[in-house]
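Okay, structure first, notes after.
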Amino acid sequence: MATLELEKSVTFKNILAATDFSDASRHALRWAASITGLNDGKLFLLNVLPGEPRLPVTLDPLPKGLDRAGCKADLEIQKLVSCKTIARVWHEELVRRGPVADVVSDIIEETGIDLLVT
């Protein structure tokens, strides 16, 4: 009797790895990079900084060089992407400000994320 084999294939082309630079998120990032490599996809590495406080007078954002938290996040992300696992996959680093859930949702919509790794 002949049997019909069904092949299920799931691919993740755009993977978002949200990191707070903790050991747990570094471990999750290695998994995200491995999944990205297996699927020939793109890894988006995201760190979300707290939003700016609301002031009665609207101020322009700090210039990039004067934003200490932003500069520190950029340096930490550069350390992460220097890792062999991540350096081998196509990736993009993102540092954004705002409420975490809102920023993650916006990134998912903007980039067509297939898989979120946290």
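Chain lettering (A, B, ...) mirrors the order of the structure tokens, residue numbering begins at 1 for each chain separately, and ligand numbering begins at 1 in order of display.
The environment of Ala17 in chain A within 9 Å, counting only C-alpha atoms and disregarding residues fewer than 3 places along the same chain, consists of Ser25, Ala28, Leu29, Ala32, Ala33, Leu43, Phe44, Leu45, Leu46, Asn47, Leu115, Leu116, Val117 and Thr118 of chain A.
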I'd like the interatomic distance between CA of Gly41 in chain A and CA of Phe12 in chain A, to a tenth of an Å.
6.6 Å
Where in chain A does DSSP assign alpha helix (DSSP H), given as a PyMOL selection string?
chain A and resi 23-38+68-81+84-87+100-111
Nearest to His27 in chain A among A:Asn39, A:Asp74, A:Val48, A:Ile86, with distances taken over only C-alpha atoms: which residue is it?
A:Ile86
Out of range 11-97 of chain A, which residues get strand (DSSP E or B) from DSSP, as a count of residues only?
21
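For Leu49 in chain A, the non-local neighbours within 10 Å, defined as residues at least 2 positions apart in the same chain or in other chains and counting only C-alpha atoms, are Asp20, Leu46, Asn47, Gly51, Glu52, Ala69, Gly70, Ala73, Val95, Arg96, Arg97, Gly98, Pro99, Val100 and Val103 of chain A.
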Output of the above residues as a compact mmCIF listing (two decimals), in the first residue's frame, restricted to C-alpha atoms:
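File result.txt, as written:
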# COMPACT_ATOMS: atom_id res chain seq x y z
CA ASP A 20 18.95 43.46 27.28
CA LEU A 46 17.18 44.95 18.98
CA ASN A 47 17.85 46.79 22.22
CA GLY A 51 11.68 56.57 26.48
CA GLU A 52 12.55 60.18 27.13
CA ALA A 69 22.62 55.32 27.13
CA GLY A 70 22.44 55.17 23.33
CA ALA A 73 23.81 50.28 23.83
CA VAL A 95 18.65 50.59 19.12
CA ARG A 96 15.33 52.30 19.75
CA ARG A 97 13.69 54.27 22.54
CA GLY A 98 10.21 53.84 23.95
CA PRO A 99 7.97 51.35 25.71
CA VAL A 100 9.34 47.87 24.97
CA VAL A 103 8.86 49.29 19.98
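Across the structure, CA of Ile113 in chain A and CA of Leu16 in chain A are spaced 6.4 Å apart.
Straight-line separation from CA of Val89 in chain A to CA of Lys42 in chain A: 7.0 Å.
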